[in-house]
Protein chains: 2
Amino acid sequence: MSGSAPRIVMKFGGTSVGDLDRIRAVAERVKKQKDAGCDVLVVVSAMAGETNRLVGFCQSLSPLHDPKEYDSIVATGEQVTSGLLAIALQKLGVPSRSFAGWQVPILTDSAHGKASLDSIDGAKLLGCMAEGMVPVVAGFQGVAPDGRVSTLGRGGSDTSAVALAAAIKADRCDIYTDVDGIYTTDPRIVPKARKLDKITYEEMLELASVGAKVLQTRSVGLAMREGVRVQVLSSFADGPAVMEGHLPGSLVVDEDEIVEKKLVTGIAYSRDEAKLSVRRIPDRPGIAAAIFGPMSEAHVNVDMIVQSTGADGTTNMTFTTSKSDLPQAINVLESVRDSVQYEELATDPDIVKISVVGTGMRSHAGVASTMFRTLSERSINIQAISTSEIKISVLVAAEYAELAVRALHTAYGLDNV
Amino acid sequence: MSGSAPRIVMKFGGTSVGDLDRIRAVAERVKKQKDAGCDVLVVVSAMAGETNRLVGFCQSLSPLHDPKEYDSIVATGEQVTSGLLAIALQKLGVPSRSFAGWQVPILTDSAHGKASLDSIDGAKLLGCMAEGMVPVVAGFQGVAPDGRVSTLGRGGSDTSAVALAAAIKADRCDIYTDVDGIYTTDPRIVPKARKLDKITYEEMLELASVGAKVLQTRSVGLAMREGVRVQVLSSFADGPAVMEGHLPGSLVVDEDEIVEKKLVTGIAYSRDEAKLSVRRIPDRPGIAAAIFGPMSEAHVNVDMIVQSTGADGTTNMTFTTSKSDLPQAINVLESVRDSVQYEELATDPDIVKISVVGTGMRSHAGVASTMFRTLSERSINIQAISTSEIKISVLVAAEYAELAVRALHTAYGLDNV
């Protein structure tokens, strides 16, 4: 190692700090990094179960509670973990101190309960690190312009970590989770899934948003904009000290850093989809607006949209929402029945969205046709298709989920051999 | 009621906010005060058990933990309660918001874990109240000069409440507890004990420090210095709205406010005493300094001291400490054995201190002789005596505790008839 010490952010989620033994183990892991010569800043979530306990209190007192009070209450979870980890580090002889969001300060907007980060002043944290200390920052929280505590919404600790890494110009942001990296697909379905050493931000964004629940989507977008190199790795595997050149997890980086580009990087699937079909609509301009305008007003997120016109001059509109939005989507469609004049509404929650992701497909044709042929050979009917620059998604019946993912994983040469 | 609205601080301890139902009940009680035309500020403790849970975490990670981290961790208990109560009040239609110590701000010194209050800026709180809101302040906490969270030590919520009452110039500070007031003695020992309508600060200080665990001593001293009228009342009894002229609890006030002064106001007892006797010390000047100097350096609090000189030219020194300080006191005495040259050290934890308290005894002789005669008539041997301007304490064998308290209660005419 030459030059100044590498500067690393280490972020530990709720299960990684789930009890005092886990917190002690995290302290050991941080000490290893410090002993290896890194400057370390740690970001922590609340102990597993704690946020749910506190949210339960709020819900129980009032389902429509004041989000400012909610924030002040649930933010205590991370405050406790940060203090406990600082104590555990001190116990190991590592100088450390905790920071609540307002102490950094981490400034957010006023959207309590789902705030966005405005700015982070890294001066105090860098001062701490310059003195050889490890700052332990409470994730998921900040302070709003009126001086009240704010939270970034659930899963926001990843975003805190990436933003802090940007604020202190860290060389890397390590996100410790309960998996040891990002895989070509879900290893529970495909035992031959391979761990990816590197993946681009764009690919990770597509994988995160289609169901590979490793990193929060928002944090990946932020890492991409700020150029923060993110590593996903396991807080349970007890690997050697993590140093450059020996990365046990998966690195999320800019496309330039990836020399050997693969056609397809990974296969994702999402069961959290429901299909709605609005049938036999008198065909005329403005149907889409008449349906999806009210959908948007009702905050229903609509995904794959397929419009097909029948021989009788009517048209059918099929689209998907998340399962949790389905009842609301049905409400909306019933409220527009008179204006849209459709004859039939059919819904199907037994579907799965399967996505093939890879930056390589930009320059290579044939990725889509491989997908369609592979599914066709297994007699799996494709109900809808949507594509982006680096992703092809299809909707199929839920019962085919595992079969389809496995077949595609093999077809694209992703199997670990 | 005439003039401006009475301004009341209401403080609720851990058992009063022990669960969500209790928090809802507290909200109802606050609403009653508000509906009755009072401006109200609320101070809360952590939910019963919560502080112990958090302290347990710290202890378990490191018995000698950083008090700054300890403060940051345990202060979350009050932060949660204040948010929950604000939600419960809003649910009842009472505008409310929570305040953590740093948000007020409540400034303390740097003695983390047992900080003293420096100053409280009441401006934000008064602004809140002027808008018709009920501020709910997290008790027991503040912020130290370096911007880190501090706590006042256990029981400090009473002190927070009194200090906040002084800061906003409240007409009264109501401390809700699990008893409905201050009694002439412990009603569990003397069923005929009477609730006192009024008691002076001085009397309350003596009663609090000798074992009537209703109000934290430090808060009474502060109330006396700041002239804050304090009412102790039950958060469990469901009385009518508490208004001037109809006070269901006990009022702690300046002596001037009490028209009919009683000779003896109350009888307190403390079992948390241990007696040490250092015997057969060669009599010479400086013995007391040789013993109590090192005691003080070891932070052992020494109470009743009795020195008696024997016929053989040796002297005996008897004194008391708290039971928890006894091992440390023995250590100190053994370390000074060579310099003090005593022959024998005897300890006795089976003792009780019984105190008779009353401002009236300033102007009346005979209080002490009534005490001695009453105990003598029951053949209770007095092992030591100490007196202050408004208090006489005696040390007797623990087995006589109840008998002595009952006999004295009757002798001073305190029995409820």
# chains A, B, ... in the order shown; residues from 1 in each chain; ligands from 1

call {"tool": "interface_residues", "arguments": {"of": "chain B", "to": "chain A", "cutoff": "6 Å", "atoms": "only C-alpha atoms", "output": "list in words"}}
result
Leu61, Glu69, Ile73, Thr76, Val80, Gly83 and Ala88 of chain B

call {"tool": "write_last_selection", "arguments": {"atoms": "C-alpha atoms", "output": "mmCIF file, in the first residue's frame"}}
result
data_model
loop_
_atom_site.group_PDB
_atom_site.id
_atom_site.type_symbol
_atom_site.label_atom_id
_atom_site.label_comp_id
_atom_site.auth_asym_id
_atom_site.auth_seq_id
_atom_site.Cartn_x
_atom_site.Cartn_y
_atom_site.Cartn_z
ATOM 1 C CA LEU B 61 -20.922 -4.515 25.814
ATOM 2 C CA GLU B 69 -22.289 7.034 24.200
ATOM 3 C CA ILE B 73 -28.254 5.660 23.855
ATOM 4 C CA THR B 76 -33.633 7.715 23.164
ATOM 5 C CA VAL B 80 -39.642 7.878 21.989
ATOM 6 C CA GLY B 83 -43.080 11.530 20.232
ATOM 7 C CA ALA B 88 -51.683 10.581 21.246
#

call {"tool": "calpha_fit_and_write", "arguments": {"fixed": "chain A", "moving": "chain B", "output": "tab-separated table (two decimals) with C-alpha atoms, in the first residue's frame"}}
result
chain	number	residue	atom	x	y	z
B	1	MET	CA	-0.23	0.15	-0.49
B	2	SER	CA	1.18	3.57	-1.25
B	3	GLY	CA	0.09	7.15	-0.75
B	4	SER	CA	-2.53	8.18	1.78
B	5	ALA	CA	-4.70	5.68	3.63
B	6	PRO	CA	-7.68	4.34	1.69
B	7	ARG	CA	-10.89	5.87	3.00
B	8	ILE	CA	-13.71	3.37	3.41
B	9	VAL	CA	-17.35	3.63	4.44
B	10	MET	CA	-18.69	0.42	6.00
B	11	LYS	CA	-22.47	0.07	6.27
B	12	PHE	CA	-24.15	-2.60	8.39
B	13	GLY	CA	-27.83	-3.44	8.10
B	14	GLY	CA	-30.31	-4.55	10.76
B	15	THR	CA	-29.49	-8.25	10.84
B	16	SER	CA	-25.75	-7.47	10.92
B	17	VAL	CA	-26.30	-5.54	14.18
B	18	GLY	CA	-29.24	-7.67	15.36
B	19	ASP	CA	-27.94	-8.31	18.87
B	20	LEU	CA	-24.98	-7.47	21.10
B	21	ASP	CA	-22.92	-10.41	19.82
B	22	ARG	CA	-23.43	-9.28	16.24
B	23	ILE	CA	-22.46	-5.73	17.24
B	24	ARG	CA	-19.25	-7.07	18.81
B	25	ALA	CA	-18.54	-9.01	15.59
B	26	VAL	CA	-19.07	-5.84	13.55
B	27	ALA	CA	-16.63	-4.02	15.83
B	28	GLU	CA	-14.02	-6.73	15.18
B	29	ARG	CA	-14.58	-6.37	11.44
B	30	VAL	CA	-14.18	-2.60	11.58
B	31	LYS	CA	-11.02	-2.97	13.67
B	32	LYS	CA	-9.52	-5.28	11.00
B	33	GLN	CA	-10.03	-2.58	8.36
B	34	LYS	CA	-8.56	0.04	10.65
B	35	ASP	CA	-5.58	-2.20	11.51
B	36	ALA	CA	-5.04	-2.76	7.79
B	37	GLY	CA	-4.42	0.97	7.44
B	38	CYS	CA	-7.76	2.25	6.23
B	39	ASP	CA	-9.56	5.35	7.45
B	40	VAL	CA	-13.02	4.07	8.28
B	41	LEU	CA	-16.45	5.63	8.70
B	42	VAL	CA	-19.30	3.33	9.75
B	43	VAL	CA	-23.02	3.67	9.02
B	44	VAL	CA	-25.52	1.52	10.93
B	45	SER	CA	-29.17	0.56	10.78
B	46	ALA	CA	-31.40	-0.14	13.77
B	47	MET	CA	-31.09	-3.53	15.42
B	48	ALA	CA	-33.30	-6.02	13.57
B	49	GLY	CA	-36.87	-5.81	14.85
B	50	GLU	CA	-36.40	-2.46	16.56
B	51	THR	CA	-37.82	-0.32	13.74
B	52	ASN	CA	-40.86	-2.58	13.52
B	53	ARG	CA	-41.37	-2.30	17.28
B	54	LEU	CA	-41.31	1.50	17.12
B	55	VAL	CA	-43.46	1.69	13.99
B	56	GLY	CA	-45.92	-0.62	15.75
B	57	PHE	CA	-46.19	1.83	18.65
B	58	CYS	CA	-47.01	4.69	16.27
B	59	GLN	CA	-49.54	2.64	14.28
B	60	SER	CA	-51.22	1.44	17.42
B	61	LEU	CA	-51.70	4.95	18.80
B	62	SER	CA	-52.93	6.38	15.53
B	63	PRO	CA	-52.94	4.82	12.06
B	64	LEU	CA	-52.65	8.32	10.59
B	65	HIS	CA	-49.87	9.61	12.83
B	66	ASP	CA	-47.87	12.78	12.38
B	67	PRO	CA	-44.84	11.84	10.21
B	68	LYS	CA	-42.66	14.30	12.15
B	69	GLU	CA	-43.31	12.42	15.38
B	70	TYR	CA	-42.92	9.10	13.57
B	71	ASP	CA	-39.48	10.22	12.39
B	72	SER	CA	-38.41	11.37	15.81
B	73	ILE	CA	-39.48	8.03	17.28
B	74	VAL	CA	-38.11	5.56	14.73
B	75	ALA	CA	-34.81	7.46	14.33
B	76	THR	CA	-33.95	6.40	17.88
B	77	GLY	CA	-33.32	2.86	16.60
B	78	GLU	CA	-30.22	3.89	14.64
B	79	GLN	CA	-29.16	6.28	17.41
B	80	VAL	CA	-29.01	3.35	19.84
B	81	THR	CA	-27.03	1.13	17.46
B	82	SER	CA	-24.50	3.85	16.66
B	83	GLY	CA	-23.83	4.43	20.36
B	84	LEU	CA	-23.54	0.73	21.09
B	85	LEU	CA	-21.12	0.14	18.22
B	86	ALA	CA	-18.99	3.08	19.36
B	87	ILE	CA	-18.81	1.49	22.82
B	88	ALA	CA	-17.91	-1.90	21.31
B	89	LEU	CA	-15.15	-0.30	19.22
B	90	GLN	CA	-13.75	1.59	22.21
B	91	LYS	CA	-13.73	-1.68	24.12
B	92	LEU	CA	-11.42	-3.08	21.37
B	93	GLY	CA	-9.16	-0.05	21.72
B	94	VAL	CA	-10.45	1.67	18.58
B	95	PRO	CA	-11.25	5.35	19.29
B	96	SER	CA	-14.78	6.00	18.10
B	97	ARG	CA	-17.80	8.20	18.54
B	98	SER	CA	-21.40	8.10	17.39
B	99	PHE	CA	-23.20	10.73	15.31
B	100	ALA	CA	-26.94	11.20	15.07
B	101	GLY	CA	-28.08	12.70	11.77
B	102	TRP	CA	-28.52	16.18	13.27
B	103	GLN	CA	-25.04	16.10	14.72
B	104	VAL	CA	-23.25	15.60	11.38
B	105	PRO	CA	-25.44	17.40	10.17
B	106	ILE	CA	-27.18	15.45	7.42
B	107	LEU	CA	-29.67	17.89	5.93
B	108	THR	CA	-32.81	16.65	4.20
B	109	ASP	CA	-35.94	18.17	2.73
B	110	SER	CA	-39.20	18.35	4.70
B	111	ALA	CA	-40.79	15.17	3.33
B	112	HIS	CA	-40.94	13.49	6.74
B	113	GLY	CA	-41.05	9.70	6.62
B	114	LYS	CA	-39.55	9.61	3.12
B	115	ALA	CA	-37.15	12.54	3.08
B	116	SER	CA	-34.55	13.16	0.38
B	117	LEU	CA	-31.00	14.13	1.25
B	118	ASP	CA	-30.14	17.75	0.59
B	119	SER	CA	-26.54	17.98	1.71
B	120	ILE	CA	-24.06	16.50	4.14
B	121	ASP	CA	-21.36	18.51	5.86
B	122	GLY	CA	-18.43	16.09	6.07
B	123	ALA	CA	-16.16	18.44	8.04
B	124	LYS	CA	-16.79	17.05	11.53
B	125	LEU	CA	-16.56	13.47	10.30
B	126	LEU	CA	-13.29	14.11	8.47
B	127	GLY	CA	-11.95	15.92	11.55
B	128	CYS	CA	-12.80	12.85	13.61
B	129	MET	CA	-11.08	10.54	11.13
B	130	ALA	CA	-8.01	12.77	10.97
B	131	GLU	CA	-7.66	12.21	14.73
B	132	GLY	CA	-7.68	8.47	14.14
B	133	MET	CA	-11.25	7.97	15.28
B	134	VAL	CA	-13.97	5.90	13.65
B	135	PRO	CA	-17.19	7.94	13.36
B	136	VAL	CA	-20.30	5.74	13.62
B	137	VAL	CA	-23.18	7.50	11.91
B	138	ALA	CA	-26.84	6.62	12.47
B	139	GLY	CA	-28.17	5.72	9.02
B	140	PHE	CA	-31.62	6.38	7.61
B	141	GLN	CA	-31.96	9.80	9.28
B	142	GLY	CA	-31.22	13.47	8.98
B	143	VAL	CA	-32.58	16.80	10.05
B	144	ALA	CA	-35.21	18.79	8.14
B	145	PRO	CA	-35.00	22.56	7.50
B	146	ASP	CA	-37.18	23.27	10.56
B	147	GLY	CA	-34.71	21.45	12.83
B	148	ARG	CA	-36.84	18.37	13.31
B	149	VAL	CA	-35.58	14.82	12.84
B	150	SER	CA	-36.35	13.29	9.44
B	151	THR	CA	-36.01	9.78	8.06
B	152	LEU	CA	-35.31	8.65	4.52
B	153	GLY	CA	-37.90	5.88	4.48
B	154	ARG	CA	-37.24	2.21	4.98
B	155	GLY	CA	-34.04	0.87	3.51
B	156	GLY	CA	-32.65	4.40	3.51
B	157	SER	CA	-29.50	3.40	5.37
B	158	ASP	CA	-27.90	2.29	2.09
B	159	THR	CA	-28.58	5.75	0.73
B	160	SER	CA	-27.12	7.34	3.86
B	161	ALA	CA	-23.97	5.28	3.42
B	162	VAL	CA	-23.49	6.17	-0.24
B	163	ALA	CA	-24.19	9.87	0.43
B	164	LEU	CA	-21.72	9.89	3.32
B	165	ALA	CA	-19.14	8.15	1.10
B	166	ALA	CA	-19.61	10.94	-1.45
B	167	ALA	CA	-19.42	13.63	1.23
B	168	ILE	CA	-16.09	12.41	2.59
B	169	LYS	CA	-14.82	11.38	-0.86
B	170	ALA	CA	-14.41	7.76	0.20
B	171	ASP	CA	-12.54	5.32	-2.03
B	172	ARG	CA	-15.27	2.76	-1.54
B	173	CYS	CA	-18.59	2.20	0.21
B	174	ASP	CA	-18.92	-1.34	1.54
B	175	ILE	CA	-22.49	-2.48	2.16
B	176	TYR	CA	-22.57	-5.48	4.49
B	177	THR	CA	-25.68	-7.60	4.08
B	178	ASP	CA	-26.83	-11.15	4.69
B	179	VAL	CA	-25.62	-12.26	1.26
B	180	ASP	CA	-22.00	-12.29	0.12
B	181	GLY	CA	-22.50	-10.39	-3.11
B	182	ILE	CA	-24.59	-9.94	-6.21
B	183	TYR	CA	-25.37	-13.10	-8.12
B	184	THR	CA	-26.25	-13.78	-11.72
B	185	THR	CA	-29.65	-14.75	-10.33
B	186	ASP	CA	-31.28	-15.90	-7.09
B	187	PRO	CA	-29.12	-18.83	-5.83
B	188	ARG	CA	-32.16	-20.28	-4.05
B	189	ILE	CA	-33.69	-20.95	-7.47
B	190	VAL	CA	-30.55	-21.63	-9.47
B	191	PRO	CA	-27.87	-23.40	-7.42
B	192	LYS	CA	-25.47	-22.81	-10.31
B	193	ALA	CA	-25.79	-19.02	-9.96
B	194	ARG	CA	-22.40	-17.28	-9.95
B	195	LYS	CA	-21.30	-14.38	-7.79
B	196	LEU	CA	-20.41	-11.36	-9.93
B	197	ASP	CA	-17.08	-9.69	-9.17
B	198	LYS	CA	-18.20	-6.50	-10.85
B	199	ILE	CA	-21.45	-5.07	-12.12
B	200	THR	CA	-22.26	-1.65	-13.58
B	201	TYR	CA	-24.50	0.87	-11.84
B	202	GLU	CA	-27.01	0.59	-14.68
B	203	GLU	CA	-27.20	-3.18	-14.42
B	204	MET	CA	-27.51	-3.00	-10.66
B	205	LEU	CA	-30.32	-0.47	-10.98
B	206	GLU	CA	-32.22	-2.80	-13.27
B	207	LEU	CA	-31.56	-5.81	-11.07
B	208	ALA	CA	-32.49	-3.96	-7.87
B	209	SER	CA	-35.72	-2.64	-9.31
B	210	VAL	CA	-36.82	-6.00	-10.66
B	211	GLY	CA	-36.45	-7.98	-7.51
B	212	ALA	CA	-32.85	-8.66	-6.51
B	213	LYS	CA	-33.24	-7.14	-3.07
B	214	VAL	CA	-29.58	-6.59	-2.28
B	215	LEU	CA	-29.21	-2.83	-2.55
B	216	GLN	CA	-31.86	-0.19	-2.25
B	217	THR	CA	-32.52	1.25	-5.74
B	218	ARG	CA	-32.23	4.84	-4.59
B	219	SER	CA	-28.74	4.22	-3.20
B	220	VAL	CA	-27.54	2.78	-6.53
B	221	GLY	CA	-28.82	5.79	-8.44
B	222	LEU	CA	-27.03	8.08	-6.01
B	223	ALA	CA	-23.81	6.05	-6.26
B	224	MET	CA	-23.97	6.34	-10.06
B	225	ARG	CA	-24.50	10.11	-9.98
B	226	GLU	CA	-21.79	10.67	-7.37
B	227	GLY	CA	-19.37	8.08	-8.77
B	228	VAL	CA	-19.19	6.16	-5.48
B	229	ARG	CA	-17.76	2.65	-5.87
B	230	VAL	CA	-20.03	0.33	-3.89
B	231	GLN	CA	-19.15	-3.16	-2.70
B	232	VAL	CA	-21.81	-5.59	-1.52
B	233	LEU	CA	-20.51	-8.24	0.84
B	234	SER	CA	-21.57	-10.50	3.67
B	235	SER	CA	-21.35	-9.50	7.29
B	236	PHE	CA	-21.62	-13.15	8.27
B	237	ALA	CA	-18.80	-14.75	6.26
B	238	ASP	CA	-15.61	-14.26	8.24
B	239	GLY	CA	-13.21	-13.39	5.43
B	240	PRO	CA	-9.75	-11.83	5.58
B	241	ALA	CA	-9.26	-8.09	5.90
B	242	VAL	CA	-10.85	-6.50	2.88
B	243	MET	CA	-8.24	-4.66	0.86
B	244	GLU	CA	-8.02	-3.40	-2.70
B	245	GLY	CA	-7.12	-6.21	-5.04
B	246	HIS	CA	-8.81	-8.74	-2.81
B	247	LEU	CA	-12.49	-8.00	-2.72
B	248	PRO	CA	-14.63	-10.81	-1.39
B	249	GLY	CA	-17.92	-9.23	-2.45
B	250	SER	CA	-19.35	-7.73	-5.61
B	251	LEU	CA	-18.29	-4.30	-6.75
B	252	VAL	CA	-20.79	-1.92	-8.31
B	253	VAL	CA	-18.84	0.48	-10.53
B	254	ASP	CA	-18.85	2.57	-13.65
B	255	GLU	CA	-18.95	0.75	-16.95
B	256	ASP	CA	-15.39	1.94	-17.72
B	257	GLU	CA	-14.04	-0.16	-14.88
B	258	ILE	CA	-15.33	-3.36	-16.39
B	259	VAL	CA	-12.95	-4.67	-19.03
B	260	GLU	CA	-14.66	-7.85	-20.10
B	261	LYS	CA	-18.24	-7.02	-20.79
B	262	LYS	CA	-20.72	-9.84	-20.80
B	263	LEU	CA	-23.78	-9.98	-23.01
B	264	VAL	CA	-26.08	-10.76	-20.11
B	265	THR	CA	-25.05	-10.07	-16.52
B	266	GLY	CA	-27.98	-11.42	-14.59
B	267	ILE	CA	-31.52	-12.68	-14.51
B	268	ALA	CA	-34.00	-11.18	-12.09
B	269	TYR	CA	-37.57	-11.98	-11.26
B	270	SER	CA	-40.31	-10.29	-9.34
B	271	ARG	CA	-43.42	-11.92	-7.94
B	272	ASP	CA	-44.75	-8.62	-6.68
B	273	GLU	CA	-46.72	-8.00	-9.88
B	274	ALA	CA	-50.37	-8.07	-10.76
B	275	LYS	CA	-51.84	-7.90	-14.25
B	276	LEU	CA	-54.91	-5.91	-15.19
B	277	SER	CA	-56.68	-6.21	-18.53
B	278	VAL	CA	-59.22	-3.64	-19.65
B	279	ARG	CA	-61.05	-5.18	-22.59
B	280	ARG	CA	-63.22	-4.10	-25.47
B	281	ILE	CA	-62.72	-0.36	-25.29
B	282	PRO	CA	-64.18	1.63	-28.21
B	283	ASP	CA	-61.01	2.55	-30.09
B	284	ARG	CA	-60.38	6.30	-30.14
B	285	PRO	CA	-57.55	8.67	-29.27
B	286	GLY	CA	-56.91	9.43	-25.60
B	287	ILE	CA	-57.70	6.05	-24.07
B	288	ALA	CA	-54.28	5.72	-22.48
B	289	ALA	CA	-54.54	9.18	-20.95
B	290	ALA	CA	-58.05	8.46	-19.68
B	291	ILE	CA	-56.80	5.37	-17.87
B	292	PHE	CA	-53.29	6.25	-16.76
B	293	GLY	CA	-53.93	9.87	-15.80
B	294	PRO	CA	-56.24	8.90	-12.94
B	295	MET	CA	-53.85	6.01	-12.08
B	296	SER	CA	-51.03	8.47	-11.61
B	297	GLU	CA	-53.20	10.83	-9.55
B	298	ALA	CA	-54.01	7.88	-7.26
B	299	HIS	CA	-50.24	7.18	-6.89
B	300	VAL	CA	-50.54	3.77	-8.55
B	301	ASN	CA	-47.30	2.84	-10.26
B	302	VAL	CA	-47.96	1.25	-13.63
B	303	ASP	CA	-45.32	-0.87	-15.32
B	304	MET	CA	-45.60	-2.98	-18.49
B	305	ILE	CA	-48.28	-1.62	-20.79
B	306	VAL	CA	-49.50	-3.52	-23.83
B	307	GLN	CA	-52.21	-2.20	-26.12
B	308	SER	CA	-53.77	-4.47	-28.70
B	309	THR	CA	-56.51	-3.69	-31.16
B	310	GLY	CA	-59.13	-6.27	-32.01
B	311	ALA	CA	-60.78	-6.89	-35.37
B	312	ASP	CA	-64.10	-5.47	-34.16
B	313	GLY	CA	-62.72	-1.94	-33.79
B	314	THR	CA	-62.31	-2.24	-30.00
B	315	THR	CA	-59.02	-2.12	-28.21
B	316	ASN	CA	-57.60	-3.95	-25.17
B	317	MET	CA	-55.24	-2.43	-22.63
B	318	THR	CA	-53.12	-4.70	-20.41
B	319	PHE	CA	-50.71	-3.47	-17.78
B	320	THR	CA	-49.11	-4.42	-14.47
B	321	THR	CA	-48.92	-2.85	-11.02
B	322	SER	CA	-47.40	-4.02	-7.78
B	323	LYS	CA	-49.60	-6.46	-5.89
B	324	SER	CA	-50.12	-3.92	-3.10
B	325	ASP	CA	-51.40	-1.33	-5.57
B	326	LEU	CA	-53.91	-3.75	-7.15
B	327	PRO	CA	-56.99	-2.82	-5.04
B	328	GLN	CA	-56.37	0.87	-5.65
B	329	ALA	CA	-55.89	0.23	-9.39
B	330	ILE	CA	-59.22	-1.60	-9.53
B	331	ASN	CA	-60.88	1.34	-7.75
B	332	VAL	CA	-59.51	3.73	-10.33
B	333	LEU	CA	-60.63	1.59	-13.26
B	334	GLU	CA	-64.14	1.31	-11.85
B	335	SER	CA	-64.32	5.07	-11.39
B	336	VAL	CA	-63.42	5.64	-15.08
B	337	ARG	CA	-65.71	2.90	-16.44
B	338	ASP	CA	-68.25	5.42	-17.76
B	339	SER	CA	-65.75	7.67	-19.45
B	340	VAL	CA	-63.56	4.89	-20.90
B	341	GLN	CA	-66.56	2.69	-21.76
B	342	TYR	CA	-64.74	-0.61	-21.53
B	343	GLU	CA	-66.78	-3.82	-21.41
B	344	GLU	CA	-64.66	-6.03	-19.21
B	345	LEU	CA	-62.03	-5.77	-16.49
B	346	ALA	CA	-59.90	-8.82	-15.68
B	347	THR	CA	-57.17	-9.07	-13.07
B	348	ASP	CA	-54.52	-11.72	-12.50
B	349	PRO	CA	-52.15	-11.68	-9.52
B	350	ASP	CA	-50.64	-15.05	-10.41
B	351	ILE	CA	-47.91	-13.75	-12.66
B	352	VAL	CA	-44.18	-13.15	-12.48
B	353	LYS	CA	-41.93	-10.70	-14.26
B	354	ILE	CA	-38.64	-12.12	-15.48
B	355	SER	CA	-35.89	-9.81	-16.65
B	356	VAL	CA	-32.63	-10.34	-18.46
B	357	VAL	CA	-30.13	-7.57	-17.73
B	358	GLY	CA	-26.78	-6.68	-19.27
B	359	THR	CA	-24.97	-3.67	-20.69
B	360	GLY	CA	-23.56	-5.95	-23.37
B	361	MET	CA	-26.92	-6.23	-25.08
B	362	ARG	CA	-26.59	-2.64	-26.27
B	363	SER	CA	-24.15	-3.74	-28.95
B	364	HIS	CA	-25.40	-7.25	-29.56
B	365	ALA	CA	-28.59	-8.26	-31.26
B	366	GLY	CA	-30.01	-11.67	-30.57
B	367	VAL	CA	-30.45	-11.35	-26.82
B	368	ALA	CA	-34.21	-10.97	-27.13
B	369	SER	CA	-34.59	-13.78	-29.63
B	370	THR	CA	-32.59	-16.13	-27.36
B	371	MET	CA	-35.02	-15.28	-24.57
B	372	PHE	CA	-38.14	-15.86	-26.65
B	373	ARG	CA	-36.81	-19.10	-28.14
B	374	THR	CA	-35.75	-20.46	-24.73
B	375	LEU	CA	-39.16	-19.82	-23.20
B	376	SER	CA	-40.98	-21.12	-26.26
B	377	GLU	CA	-39.00	-24.38	-26.13
B	378	ARG	CA	-40.43	-24.89	-22.59
B	379	SER	CA	-43.93	-23.98	-23.81
B	380	ILE	CA	-43.96	-20.92	-21.55
B	381	ASN	CA	-46.41	-18.36	-22.87
B	382	ILE	CA	-45.25	-14.72	-22.80
B	383	GLN	CA	-48.10	-12.43	-21.71
B	384	ALA	CA	-46.31	-9.10	-22.12
B	385	ILE	CA	-42.90	-7.77	-23.04
B	386	SER	CA	-41.10	-4.58	-22.12
B	387	THR	CA	-37.57	-3.52	-22.91
B	388	SER	CA	-35.06	-0.89	-21.93
B	389	GLU	CA	-31.58	-0.26	-23.30
B	390	ILE	CA	-30.03	-2.93	-21.09
B	391	LYS	CA	-33.01	-5.04	-20.05
B	392	ILE	CA	-35.71	-7.25	-21.50
B	393	SER	CA	-38.63	-8.18	-19.25
B	394	VAL	CA	-41.39	-10.65	-19.90
B	395	LEU	CA	-44.53	-11.47	-17.98
B	396	VAL	CA	-45.35	-15.17	-17.58
B	397	ALA	CA	-47.65	-17.26	-15.38
B	398	ALA	CA	-46.29	-17.50	-11.82
B	399	GLU	CA	-46.06	-21.30	-11.95
B	400	TYR	CA	-43.28	-21.05	-14.56
B	401	ALA	CA	-41.05	-18.71	-12.52
B	402	GLU	CA	-38.32	-21.17	-11.48
B	403	LEU	CA	-38.34	-23.08	-14.76
B	404	ALA	CA	-38.01	-19.87	-16.78
B	405	VAL	CA	-35.23	-18.41	-14.65
B	406	ARG	CA	-33.22	-21.67	-14.76
B	407	ALA	CA	-33.65	-22.12	-18.48
B	408	LEU	CA	-32.58	-18.54	-19.23
B	409	HIS	CA	-29.62	-18.77	-16.85
B	410	THR	CA	-28.34	-21.76	-18.81
B	411	ALA	CA	-29.21	-20.29	-22.19
B	412	TYR	CA	-27.09	-17.17	-21.60
B	413	GLY	CA	-24.13	-19.22	-20.39
B	414	LEU	CA	-24.29	-17.96	-16.81
B	415	ASP	CA	-24.17	-21.35	-15.07
B	416	ASN	CA	-21.26	-21.88	-12.76
B	417	VAL	CA	-19.31	-24.88	-14.01
